[in-house]
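Coordinates from my_file.tsv are shown below (TSV, C-alpha atoms).
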```tsv
chain	number	residue	atom	x	y	z
A	1	MET	CA	24.43	30.20	141.41
A	2	SER	CA	22.16	31.10	144.26
A	3	ASN	CA	18.47	30.38	144.44
A	4	THR	CA	17.81	34.11	144.41
A	5	ALA	CA	19.47	34.51	141.01
A	6	VAL	CA	17.50	31.60	139.59
A	7	GLN	CA	14.30	33.10	140.82
A	8	ASP	CA	15.22	36.47	139.30
A	9	LYS	CA	15.53	34.89	135.85
A	10	ARG	CA	12.04	33.39	135.99
A	11	PRO	CA	9.33	35.40	134.18
A	12	SER	CA	7.13	37.39	136.46
A	13	PRO	CA	3.53	36.25	136.83
A	14	SER	CA	2.36	39.42	135.10
A	15	VAL	CA	4.21	38.52	131.87
A	16	ARG	CA	2.19	35.98	129.89
A	17	PRO	CA	3.32	34.14	126.74
A	18	GLN	CA	1.86	35.36	123.47
A	19	SER	CA	-1.40	33.65	122.72
A	20	LEU	CA	-1.52	31.40	119.64
A	21	SER	CA	-5.29	31.50	119.39
A	22	ARG	CA	-6.95	33.37	116.55
A	23	LYS	CA	-10.41	34.58	115.82
A	24	GLY	CA	-12.80	31.88	114.70
A	25	LEU	CA	-16.36	31.61	113.50
A	26	PRO	CA	-18.95	30.49	116.05
A	27	ARG	CA	-20.36	27.00	115.89
A	28	TRP	CA	-23.69	28.23	114.60
A	29	ALA	CA	-22.07	29.94	111.60
A	30	PRO	CA	-22.57	27.05	109.10
A	31	ALA	CA	-26.27	26.86	109.98
A	32	ALA	CA	-26.60	30.64	109.52
A	33	PHE	CA	-24.77	30.43	106.19
A	34	ALA	CA	-27.16	27.67	105.09
A	35	VAL	CA	-30.24	29.75	105.99
A	36	VAL	CA	-28.90	32.82	104.18
A	37	SER	CA	-27.91	30.72	101.15
A	38	ILE	CA	-31.35	29.10	100.90
A	39	ALA	CA	-33.01	32.50	101.17
A	40	LEU	CA	-30.78	33.95	98.46
A	41	GLY	CA	-31.20	30.94	96.17
A	42	CYS	CA	-34.98	30.86	96.49
A	43	GLY	CA	-35.27	34.63	96.18
A	44	LEU	CA	-33.12	34.80	93.06
A	45	GLY	CA	-35.02	31.84	91.59
A	46	LEU	CA	-38.33	33.61	92.13
A	47	VAL	CA	-37.04	36.86	90.66
A	48	ALA	CA	-35.61	35.05	87.63
A	49	GLY	CA	-38.83	33.10	87.15
A	50	TRP	CA	-37.27	29.65	87.51
A	51	GLU	CA	-39.91	27.00	88.14
A	52	SER	CA	-37.53	24.13	88.83
A	53	ARG	CA	-36.78	23.58	92.51
A	54	ILE	CA	-33.59	21.81	91.44
A	55	GLN	CA	-32.23	25.09	90.09
A	56	TRP	CA	-33.08	26.78	93.36
A	57	GLY	CA	-31.25	24.09	95.30
A	58	LEU	CA	-28.13	24.20	93.13
A	59	LEU	CA	-28.01	28.00	93.37
A	60	SER	CA	-28.39	27.81	97.16
A	61	ALA	CA	-25.55	25.29	97.34
A	62	LEU	CA	-23.33	27.60	95.30
A	63	PHE	CA	-24.18	30.53	97.57
A	64	PHE	CA	-23.41	28.39	100.63
A	65	VAL	CA	-19.89	27.57	99.41
A	66	LEU	CA	-19.17	31.18	98.36
A	67	ILE	CA	-20.46	32.71	101.60
A	68	THR	CA	-18.51	30.18	103.66
A	69	TYR	CA	-15.28	30.91	101.81
A	70	CYS	CA	-15.59	34.70	101.86
A	71	THR	CA	-16.58	34.90	105.53
A	72	ALA	CA	-13.97	32.39	106.68
A	73	THR	CA	-11.26	34.18	104.70
A	74	ALA	CA	-12.13	37.52	106.29
A	75	VAL	CA	-12.30	36.17	109.84
A	76	GLU	CA	-9.98	33.14	110.00
A	77	GLY	CA	-7.66	33.44	107.04
A	78	LYS	CA	-7.29	31.65	103.72
A	79	ARG	CA	-5.90	28.44	105.17
A	80	GLN	CA	-8.85	27.84	107.48
A	81	ALA	CA	-11.20	29.05	104.75
A	82	LYS	CA	-10.01	26.30	102.40
A	83	ASP	CA	-10.68	23.73	105.12
A	84	ARG	CA	-14.19	25.06	105.66
A	85	VAL	CA	-14.87	25.09	101.91
A	86	ALA	CA	-13.83	21.44	101.66
A	87	THR	CA	-16.18	20.57	104.53
A	88	SER	CA	-18.97	22.59	102.90
A	89	VAL	CA	-18.52	20.79	99.58
A	90	VAL	CA	-18.76	17.43	101.36
A	91	TRP	CA	-22.00	18.49	103.04
A	92	VAL	CA	-23.44	19.81	99.78
A	93	CYS	CA	-22.61	16.54	97.98
A	94	PHE	CA	-24.20	14.57	100.82
A	95	ILE	CA	-27.40	16.62	100.61
A	96	LEU	CA	-27.50	16.33	96.82
A	97	ALA	CA	-27.22	12.55	97.20
A	98	ILE	CA	-29.78	12.18	99.98
A	99	VAL	CA	-32.48	14.45	98.55
A	100	PRO	CA	-33.40	12.17	95.60
A	101	LEU	CA	-33.52	9.18	97.98
A	102	LEU	CA	-35.82	10.97	100.42
A	103	SER	CA	-37.94	12.21	97.53
A	104	LEU	CA	-38.26	8.68	96.16
A	105	ILE	CA	-39.25	7.28	99.55
A	106	TRP	CA	-41.77	10.07	100.10
A	107	VAL	CA	-43.43	9.62	96.70
A	108	THR	CA	-43.50	5.83	97.05
A	109	VAL	CA	-45.03	5.92	100.53
A	110	SER	CA	-47.54	8.70	99.76
A	111	ARG	CA	-48.80	7.07	96.57
A	112	GLY	CA	-48.45	3.46	97.68
A	113	MET	CA	-50.51	3.92	100.83
A	114	LYS	CA	-53.60	4.73	98.77
A	115	VAL	CA	-54.40	1.04	98.23
A	116	MET	CA	-52.10	-0.58	100.79
A	117	ASP	CA	-54.25	-2.65	103.13
A	118	ALA	CA	-54.82	-6.24	104.18
A	119	TYR	CA	-56.99	-6.93	101.10
A	120	PHE	CA	-54.19	-5.79	98.76
A	121	LEU	CA	-51.68	-8.06	100.46
A	122	THR	CA	-53.89	-11.17	100.56
A	123	HIS	CA	-55.55	-11.19	97.11
A	124	SER	CA	-54.36	-11.66	93.55
A	125	MET	CA	-55.43	-10.09	90.26
A	126	ALA	CA	-57.48	-13.13	89.21
A	127	GLY	CA	-60.69	-11.94	87.53
A	128	VAL	CA	-59.90	-8.23	88.04
A	129	PRO	CA	-59.51	-6.12	84.87
A	130	GLY	CA	-56.29	-4.14	84.97
A	131	PHE	CA	-57.99	-0.77	84.39
A	132	GLU	CA	-60.42	-1.21	87.30
A	133	ALA	CA	-59.85	-0.82	91.03
A	134	GLY	CA	-59.37	-3.86	93.21
A	135	GLY	CA	-57.08	-6.84	93.15
A	136	GLY	CA	-53.90	-7.36	95.08
A	137	VAL	CA	-50.27	-8.34	95.08
A	138	TYR	CA	-50.35	-11.68	96.90
A	139	HIS	CA	-49.47	-13.79	93.85
A	140	ALA	CA	-46.51	-11.54	93.00
A	141	LEU	CA	-45.28	-11.54	96.60
A	142	ILE	CA	-45.38	-15.35	96.69
A	143	GLY	CA	-43.46	-15.50	93.42
A	144	THR	CA	-40.76	-13.10	94.63
A	145	LEU	CA	-40.29	-14.96	97.91
A	146	GLU	CA	-39.96	-18.33	96.19
A	147	GLN	CA	-37.74	-17.17	93.33
A	148	VAL	CA	-35.39	-15.12	95.51
A	149	GLY	CA	-35.37	-17.90	98.11
A	150	LEU	CA	-34.37	-20.54	95.57
A	151	ALA	CA	-31.68	-18.26	94.12
A	152	THR	CA	-30.30	-17.63	97.61
A	153	VAL	CA	-30.27	-21.34	98.50
A	154	ILE	CA	-28.21	-22.04	95.37
A	155	ALA	CA	-26.00	-18.95	95.20
A	156	ALA	CA	-25.09	-18.40	98.87
A	157	PRO	CA	-23.33	-21.77	99.46
A	158	LEU	CA	-21.75	-21.67	95.99
A	159	GLY	CA	-20.43	-18.14	96.48
A	160	LEU	CA	-19.27	-18.87	100.04
A	161	LEU	CA	-17.32	-21.98	99.02
A	162	THR	CA	-15.78	-20.17	96.06
A	163	ALA	CA	-14.64	-17.31	98.29
A	164	ILE	CA	-13.16	-19.76	100.83
A	165	TYR	CA	-11.22	-21.44	98.02
A	166	LEU	CA	-9.86	-18.14	96.70
A	167	VAL	CA	-8.78	-16.87	100.12
A	168	GLU	CA	-7.66	-20.03	101.92
A	169	TYR	CA	-6.56	-22.43	99.17
A	170	GLY	CA	-6.44	-20.62	95.85
A	171	ARG	CA	-3.00	-20.51	94.25
A	172	GLY	CA	-1.81	-20.58	90.67
A	173	GLN	CA	-3.62	-20.35	87.35
A	174	LEU	CA	-6.90	-21.91	88.51
A	175	ALA	CA	-7.37	-19.26	91.22
A	176	ARG	CA	-6.57	-16.48	88.75
A	177	ALA	CA	-9.04	-17.94	86.25
A	178	VAL	CA	-11.78	-18.14	88.88
A	179	THR	CA	-11.11	-14.53	89.94
A	180	PHE	CA	-11.23	-13.39	86.30
A	181	PHE	CA	-14.56	-15.09	85.60
A	182	VAL	CA	-16.06	-13.74	88.84
A	183	ASP	CA	-15.07	-10.24	87.75
A	184	VAL	CA	-16.63	-10.83	84.33
A	185	MET	CA	-19.85	-12.17	85.85
A	186	THR	CA	-20.16	-9.10	88.06
A	187	GLY	CA	-20.84	-6.95	85.01
A	188	ILE	CA	-23.21	-9.32	83.18
A	189	PRO	CA	-26.54	-7.60	82.35
A	190	SER	CA	-29.60	-9.34	83.71
A	191	ILE	CA	-31.05	-9.83	80.22
A	192	VAL	CA	-27.97	-11.83	79.22
A	193	ALA	CA	-28.40	-14.14	82.20
A	194	GLY	CA	-32.05	-14.57	81.24
A	195	LEU	CA	-31.16	-15.38	77.63
A	196	PHE	CA	-28.61	-17.96	78.78
A	197	ILE	CA	-31.19	-19.83	80.85
A	198	LEU	CA	-33.75	-19.39	78.06
A	199	SER	CA	-31.41	-21.13	75.60
A	200	ILE	CA	-31.07	-24.04	78.02
A	201	MET	CA	-34.87	-24.17	78.36
A	202	LEU	CA	-35.32	-24.34	74.57
A	203	ILE	CA	-32.67	-27.03	74.17
A	204	ALA	CA	-34.03	-29.18	77.00
A	205	GLY	CA	-37.68	-28.53	76.17
A	206	LEU	CA	-38.47	-27.06	79.61
A	207	GLN	CA	-41.47	-24.91	80.42
A	208	PRO	CA	-41.48	-21.48	82.10
A	209	SER	CA	-41.46	-21.66	85.88
A	210	GLY	CA	-40.21	-19.88	88.94
A	211	LEU	CA	-37.19	-22.20	89.05
A	212	MET	CA	-36.00	-20.95	85.66
A	213	GLY	CA	-36.17	-17.38	86.88
A	214	ALA	CA	-34.35	-18.36	90.07
A	215	LEU	CA	-31.51	-19.87	88.03
A	216	ALA	CA	-31.06	-16.61	86.14
A	217	LEU	CA	-31.09	-14.69	89.41
A	218	THR	CA	-28.48	-17.10	90.76
A	219	ILE	CA	-26.09	-16.10	87.96
A	220	LEU	CA	-26.49	-12.48	89.01
A	221	MET	CA	-26.16	-13.22	92.71
A	222	VAL	CA	-23.11	-15.49	92.79
A	223	PRO	CA	-20.41	-12.90	91.91
A	224	VAL	CA	-21.74	-10.44	94.50
A	225	VAL	CA	-21.62	-13.11	97.21
A	226	VAL	CA	-18.14	-14.21	96.17
A	227	ARG	CA	-16.68	-10.71	96.15
A	228	SER	CA	-18.23	-9.60	99.45
A	229	THR	CA	-17.36	-12.86	101.23
A	230	GLU	CA	-13.83	-12.78	99.87
A	231	GLU	CA	-13.21	-9.31	101.26
A	232	MET	CA	-14.64	-10.26	104.64
A	233	LEU	CA	-12.44	-13.36	104.89
A	234	LYS	CA	-9.38	-11.28	104.07
A	235	LEU	CA	-10.14	-9.05	107.04
A	236	VAL	CA	-9.83	-11.96	109.49
A	237	PRO	CA	-6.39	-11.62	111.16
A	238	ASN	CA	-3.89	-14.29	110.19
A	239	GLU	CA	-2.91	-14.58	113.85
A	240	LEU	CA	-6.22	-16.34	114.54
A	241	ARG	CA	-5.55	-18.90	111.84
A	242	GLU	CA	-1.95	-19.43	113.01
A	243	ALA	CA	-3.00	-19.85	116.63
A	244	SER	CA	-5.57	-22.48	115.70
A	245	LEU	CA	-3.15	-24.35	113.44
A	246	ALA	CA	-0.46	-24.21	116.14
A	247	LEU	CA	-2.82	-26.09	118.46
A	248	GLY	CA	-3.03	-28.91	115.94
A	249	VAL	CA	-6.48	-28.05	114.58
A	250	PRO	CA	-6.95	-29.09	110.93
A	251	LYS	CA	-7.28	-26.29	108.41
A	252	TRP	CA	-10.84	-27.15	107.44
A	253	ARG	CA	-11.88	-27.03	111.07
A	254	THR	CA	-10.01	-23.75	111.56
A	255	ILE	CA	-12.00	-22.26	108.70
A	256	LEU	CA	-15.26	-23.65	110.03
A	257	LYS	CA	-14.78	-22.76	113.71
A	258	VAL	CA	-12.55	-19.67	113.63
A	259	VAL	CA	-12.55	-17.87	110.28
A	260	LEU	CA	-16.23	-18.08	109.37
A	261	PRO	CA	-17.60	-17.11	112.83
A	262	THR	CA	-15.27	-14.11	112.86
A	263	ALA	CA	-16.47	-12.90	109.46
A	264	VAL	CA	-20.12	-13.97	109.76
A	265	GLY	CA	-21.37	-10.39	110.15
A	266	GLY	CA	-19.82	-9.18	106.91
A	267	ILE	CA	-20.75	-12.37	105.06
A	268	THR	CA	-24.40	-12.02	106.07
A	269	THR	CA	-24.42	-8.38	105.00
A	270	GLY	CA	-22.94	-9.34	101.64
A	271	VAL	CA	-25.60	-11.99	101.08
A	272	MET	CA	-28.32	-9.47	101.90
A	273	LEU	CA	-26.80	-7.00	99.44
A	274	ALA	CA	-26.86	-9.71	96.79
A	275	ILE	CA	-30.52	-10.46	97.57
A	276	ALA	CA	-31.32	-6.76	97.25
A	277	ARG	CA	-29.47	-6.80	93.92
A	278	ILE	CA	-31.68	-9.53	92.44
A	279	ALA	CA	-35.00	-8.70	94.14
A	280	GLY	CA	-35.75	-5.90	91.67
A	281	GLU	CA	-34.81	-7.69	88.44
A	282	THR	CA	-37.56	-7.79	85.82
A	283	ALA	CA	-35.99	-8.91	82.54
A	284	PRO	CA	-35.22	-12.54	83.55
A	285	ILE	CA	-38.74	-12.92	84.96
A	286	MET	CA	-40.29	-11.68	81.72
A	287	LEU	CA	-38.26	-14.19	79.69
A	288	LEU	CA	-38.40	-17.23	81.95
A	289	VAL	CA	-41.42	-16.97	84.26
A	290	PHE	CA	-43.87	-15.17	81.93
A	291	GLY	CA	-45.99	-13.70	84.73
A	292	SER	CA	-49.42	-14.79	85.89
A	293	GLN	CA	-52.54	-13.25	87.36
A	294	LEU	CA	-53.22	-16.37	89.43
A	295	ILE	CA	-51.64	-17.63	92.63
A	296	ASN	CA	-49.05	-20.30	91.88
A	297	SER	CA	-47.28	-21.63	94.97
A	298	ASN	CA	-45.28	-24.23	93.03
A	299	PRO	CA	-42.08	-22.64	91.66
A	300	PHE	CA	-41.20	-25.82	89.74
A	301	GLU	CA	-44.21	-25.83	87.44
A	302	GLY	CA	-46.20	-23.17	85.63
A	303	ALA	CA	-45.88	-19.43	85.16
A	304	GLN	CA	-45.46	-17.17	88.16
A	305	SER	CA	-45.38	-13.47	88.83
A	306	SER	CA	-43.03	-11.33	90.91
A	307	LEU	CA	-43.12	-7.87	92.43
A	308	PRO	CA	-40.93	-6.19	89.76
A	309	PHE	CA	-42.94	-7.85	86.98
A	310	TYR	CA	-46.19	-6.87	88.69
A	311	ILE	CA	-45.05	-3.23	88.90
A	312	TRP	CA	-44.16	-3.17	85.19
A	313	GLU	CA	-47.39	-4.93	84.30
A	314	GLN	CA	-49.60	-2.49	86.23
A	315	TYR	CA	-47.76	0.58	84.97
A	316	ARG	CA	-48.20	-0.65	81.40
A	317	VAL	CA	-52.01	-0.70	81.80
A	318	GLY	CA	-52.01	3.07	82.21
A	319	SER	CA	-55.11	3.62	84.35
A	320	GLU	CA	-55.26	5.48	87.65
A	321	ALA	CA	-56.08	2.28	89.55
A	322	SER	CA	-53.17	0.39	87.99
A	323	TYR	CA	-50.79	3.24	88.82
A	324	ASP	CA	-51.86	3.05	92.46
A	325	ARG	CA	-51.31	-0.71	92.51
A	326	ALA	CA	-47.87	-0.26	90.92
A	327	TRP	CA	-46.80	2.25	93.59
A	328	ALA	CA	-48.17	0.01	96.36
A	329	ALA	CA	-46.22	-2.95	94.98
A	330	ALA	CA	-43.09	-0.79	94.88
A	331	LEU	CA	-43.66	0.03	98.55
A	332	VAL	CA	-44.01	-3.68	99.33
A	333	LEU	CA	-40.73	-4.39	97.49
A	334	ILE	CA	-38.89	-1.67	99.46
A	335	ALA	CA	-40.31	-3.01	102.71
A	336	PHE	CA	-39.27	-6.54	101.71
A	337	VAL	CA	-35.66	-5.51	101.16
A	338	MET	CA	-35.64	-3.43	104.36
A	339	ILE	CA	-36.93	-6.33	106.44
A	340	LEU	CA	-34.26	-8.61	104.99
A	341	ASN	CA	-31.56	-6.11	105.93
A	342	LEU	CA	-32.88	-5.81	109.48
A	343	VAL	CA	-32.97	-9.59	109.82
A	344	ALA	CA	-29.42	-9.80	108.48
A	345	ARG	CA	-28.18	-7.24	111.00
A	346	GLY	CA	-29.86	-9.16	113.80
A	347	ILE	CA	-28.29	-12.46	112.71
A	348	ALA	CA	-24.88	-10.84	112.31
A	349	ARG	CA	-25.04	-9.34	115.79
A	350	TRP	CA	-26.26	-12.62	117.27
A	351	LYS	CA	-23.59	-14.74	115.59
A	352	ALA	CA	-20.71	-12.28	115.95
A	353	PRO	CA	-17.94	-13.44	118.32
A	354	SER	CA	-17.93	-11.88	121.77
A	355	THR	CA	-15.46	-9.02	122.26
A	356	GLY	CA	-15.63	-8.95	126.04
A	357	ARG	CA	-12.79	-10.05	128.26
```
Before anything else, please render the file you have as structure tokens.
Amino acid sequence: MSNTAVQDKRPSPSVRPQSLSRKGLPRWAPAAFAVVSIALGCGLGLVAGWESRIQWGLLSALFFVLITYCTATAVEGKRQAKDRVATSVVWVCFILAIVPLLSLIWVTVSRGMKVMDAYFLTHSMAGVPGFEAGGGVYHALIGTLEQVGLATVIAAPLGLLTAIYLVEYGRGQLARAVTFFVDVMTGIPSIVAGLFILSIMLIAGLQPSGLMGALALTILMVPVVVRSTEEMLKLVPNELREASLALGVPKWRTILKVVLPTAVGGITTGVMLAIARIAGETAPIMLLVFGSQLINSNPFEGAQSSLPFYIWEQYRVGSEASYDRAWAAALVLIAFVMILNLVARGIARWKAPSTGR
């Protein structure tokens, strides 16, 4: 066949293949749908006389999904409309989840800043009547730092070693029993942990102290540390372990030098999550520490206070000044947990193995 015949069979430049592209909504369409939905939801709520902003928001979310589906069906077809509706539902659920959190942070900051100053952070409630203005949170802050610190010192190594056993050595009935009891401990209410330590106190004749509260917090913290550390250790590739063992390195040294440094970021995050879990517990402190208006820097002797107990104590008083102190203490507690998380992220990034070549 000649080159001329081959060229004759080629499509002419003027004939183009049929385009597969279809009409689509512009990128700004979801934002426009959201504005229209909010306007319709608020307008209908005003006309109907609904006072709850929650009803307005739910109605706007419903309008957003309906408008997205109808418009996408008319322009892009039912198949693409279903995809857009799924995306819209995800966004609506995200907003419904984030709004209460933002509202809580806003209320806590706005009300807590009324009395938040250096005096509030450096003074206790000694000699200050609960219904009057004044006083501070220093004694409760000291108690929280010491109790949570003691619980972390006990629970973090215990949980870490338990997780290493389950992942690296655990086989047979003992490992299954340990896993079962860890799962059971995960769901233990804080009041039960407090009652357990209280029974030991009564049998041994011990007095209330920050240490007793820390022991109850340890019971609550251990299963969280074990579970999070166990999952992080499982994510370490087996190739790293095999390469170290192939070089003749003992298993304990492989765990210490290879496995733990690789998973240190996730382990640190898990410990911080466990600390955040116990930092807001009130029931064990009420049973075992009793609370105090004075500054007690010795967690091994005498009653102490804590931030959660201080918040409950001030809210129970019922005066305007005590409410302000309660909100300020709540703000201090949130800041305390946030600072711990930032420190944990910094340590994890510092200790994480280098990924460069």
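With all atoms listed in the file as the atoms that count, the residue of A:Ile95, A:Ala32, A:Leu166, A:Gly291 with the shortest distance to Arg227 in chain A is A:Leu166.
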| message | Restricting the calculation to only C-alpha atoms: of A:Ile275, A:Ile197, A:Ala61, A:Ala140, which residue gets closest to Thr152 in chain A? | response |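 Checking each candidate against Thr152 in chain A, we get A:Ile275 as the closest.
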Open item on the list: What's the separation between CA of Ala283 in chain A and CA of Met116 in chain A, in Å to one decimal place?
Closed with: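 Going from CA of Ala283 in chain A over to CA of Met116 in chain A covers 25.7 Å.
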Practice problem: Could you give me, as a PyMOL selection string, the residues that have an atom at most 9 Å away from the point (-58.2, -6.2, 92.7) in the coordinates of the file, using all atoms listed in the file? | Solution: chain A and resi 119-120+123-130+132-137+325
Could the residues in this selection be written to a file with C-alpha atoms, as an mmCIF file, in the coordinates of the input?
```
data_model
loop_
_atom_site.group_PDB
_atom_site.id
_atom_site.type_symbol
_atom_site.label_atom_id
_atom_site.label_comp_id
_atom_site.auth_asym_id
_atom_site.auth_seq_id
_atom_site.Cartn_x
_atom_site.Cartn_y
_atom_site.Cartn_z
ATOM 1 C CA TYR A 119 -56.990 -6.930 101.100
ATOM 2 C CA PHE A 120 -54.190 -5.790 98.760
ATOM 3 C CA HIS A 123 -55.550 -11.190 97.110
ATOM 4 C CA SER A 124 -54.360 -11.660 93.550
ATOM 5 C CA MET A 125 -55.430 -10.090 90.260
ATOM 6 C CA ALA A 126 -57.480 -13.130 89.210
ATOM 7 C CA GLY A 127 -60.690 -11.940 87.530
ATOM 8 C CA VAL A 128 -59.900 -8.230 88.040
ATOM 9 C CA PRO A 129 -59.510 -6.120 84.870
ATOM 10 C CA GLY A 130 -56.290 -4.140 84.970
ATOM 11 C CA GLU A 132 -60.420 -1.210 87.300
ATOM 12 C CA ALA A 133 -59.850 -0.820 91.030
ATOM 13 C CA GLY A 134 -59.370 -3.860 93.210
ATOM 14 C CA GLY A 135 -57.080 -6.840 93.150
ATOM 15 C CA GLY A 136 -53.900 -7.360 95.080
ATOM 16 C CA VAL A 137 -50.270 -8.340 95.080
ATOM 17 C CA ARG A 325 -51.310 -0.710 92.510
#
```
Requested in this report: Tell me which of A:Leu206, A:Leu233, A:Leu307, A:Met221 sits closest to Val182 in chain A, counting all atoms listed in the file.
Outcome: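 Closest to Val182 in chain A, using all atoms listed in the file: A:Met221.
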One number please: CA of Ser209 in chain A to CA of Ser190 in chain A, in Å, one decimal.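 CA of Ser190 in chain A lies at a distance of 17.2 Å from CA of Ser209 in chain A.
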CA of Ala193 in chain A to CA of Glu146 in chain A measures 18.6 Å
Q.
When you count all atoms listed in the file, which of these residues is closest to Gly159 in chain A: A:Glu281, A:Glu242, A:Glu230, A:Asp183?
A.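 So, comparing all the options, the nearest one is A:Glu230.
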So that I can see what lies close to Tyr315 in chain A, please list as a count of residues only the residues with an atom at most 8 Å from it, counting only C-alpha atoms and leaving out residues fewer than 5 positions away in the same chain. 3
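With distances taken over all atoms listed in the file, A:Ala321 is the one residue among A:Met212, A:Met185, A:Ala156, A:Ala321 lying closest to Phe131 in chain A.
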If we count all atoms listed in the file, what is near Ala303 in chain A at a cut-off of 9 Å, once residues fewer than 5 positions away on the same chain are taken out, given as a ChimeraX atom specification?
/A:207-210,288-292,296
task = With a distance cut-off of 12 Å and only C-alpha atoms, select the neighbouring residues of Leu174 in chain A, excluding the residue or stretch itself and same-chain residues fewer than 6 positions from it, and output the selection as a list in words.
result =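 Everything that qualifies: Thr162, Tyr165, Leu166, Phe180 and Phe181 of chain A.
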Taking every listed atom of range 175-182 of chain A and adding 5 Å to each side, what centre and edge lengths in Å (one decimal) does the axis-aligned box have, as AutoDock Vina command-line options?
```
--center_x -11.3 --center_y -16.3 --center_z 88.4 --size_x 19.5 --size_y 15.9 --size_z 15.6
```
In terms of all atoms listed in the file, the residue from A:Val178, A:Leu235, A:Leu121, A:Val192 at minimal distance from Ala329 in chain A is A:Leu121
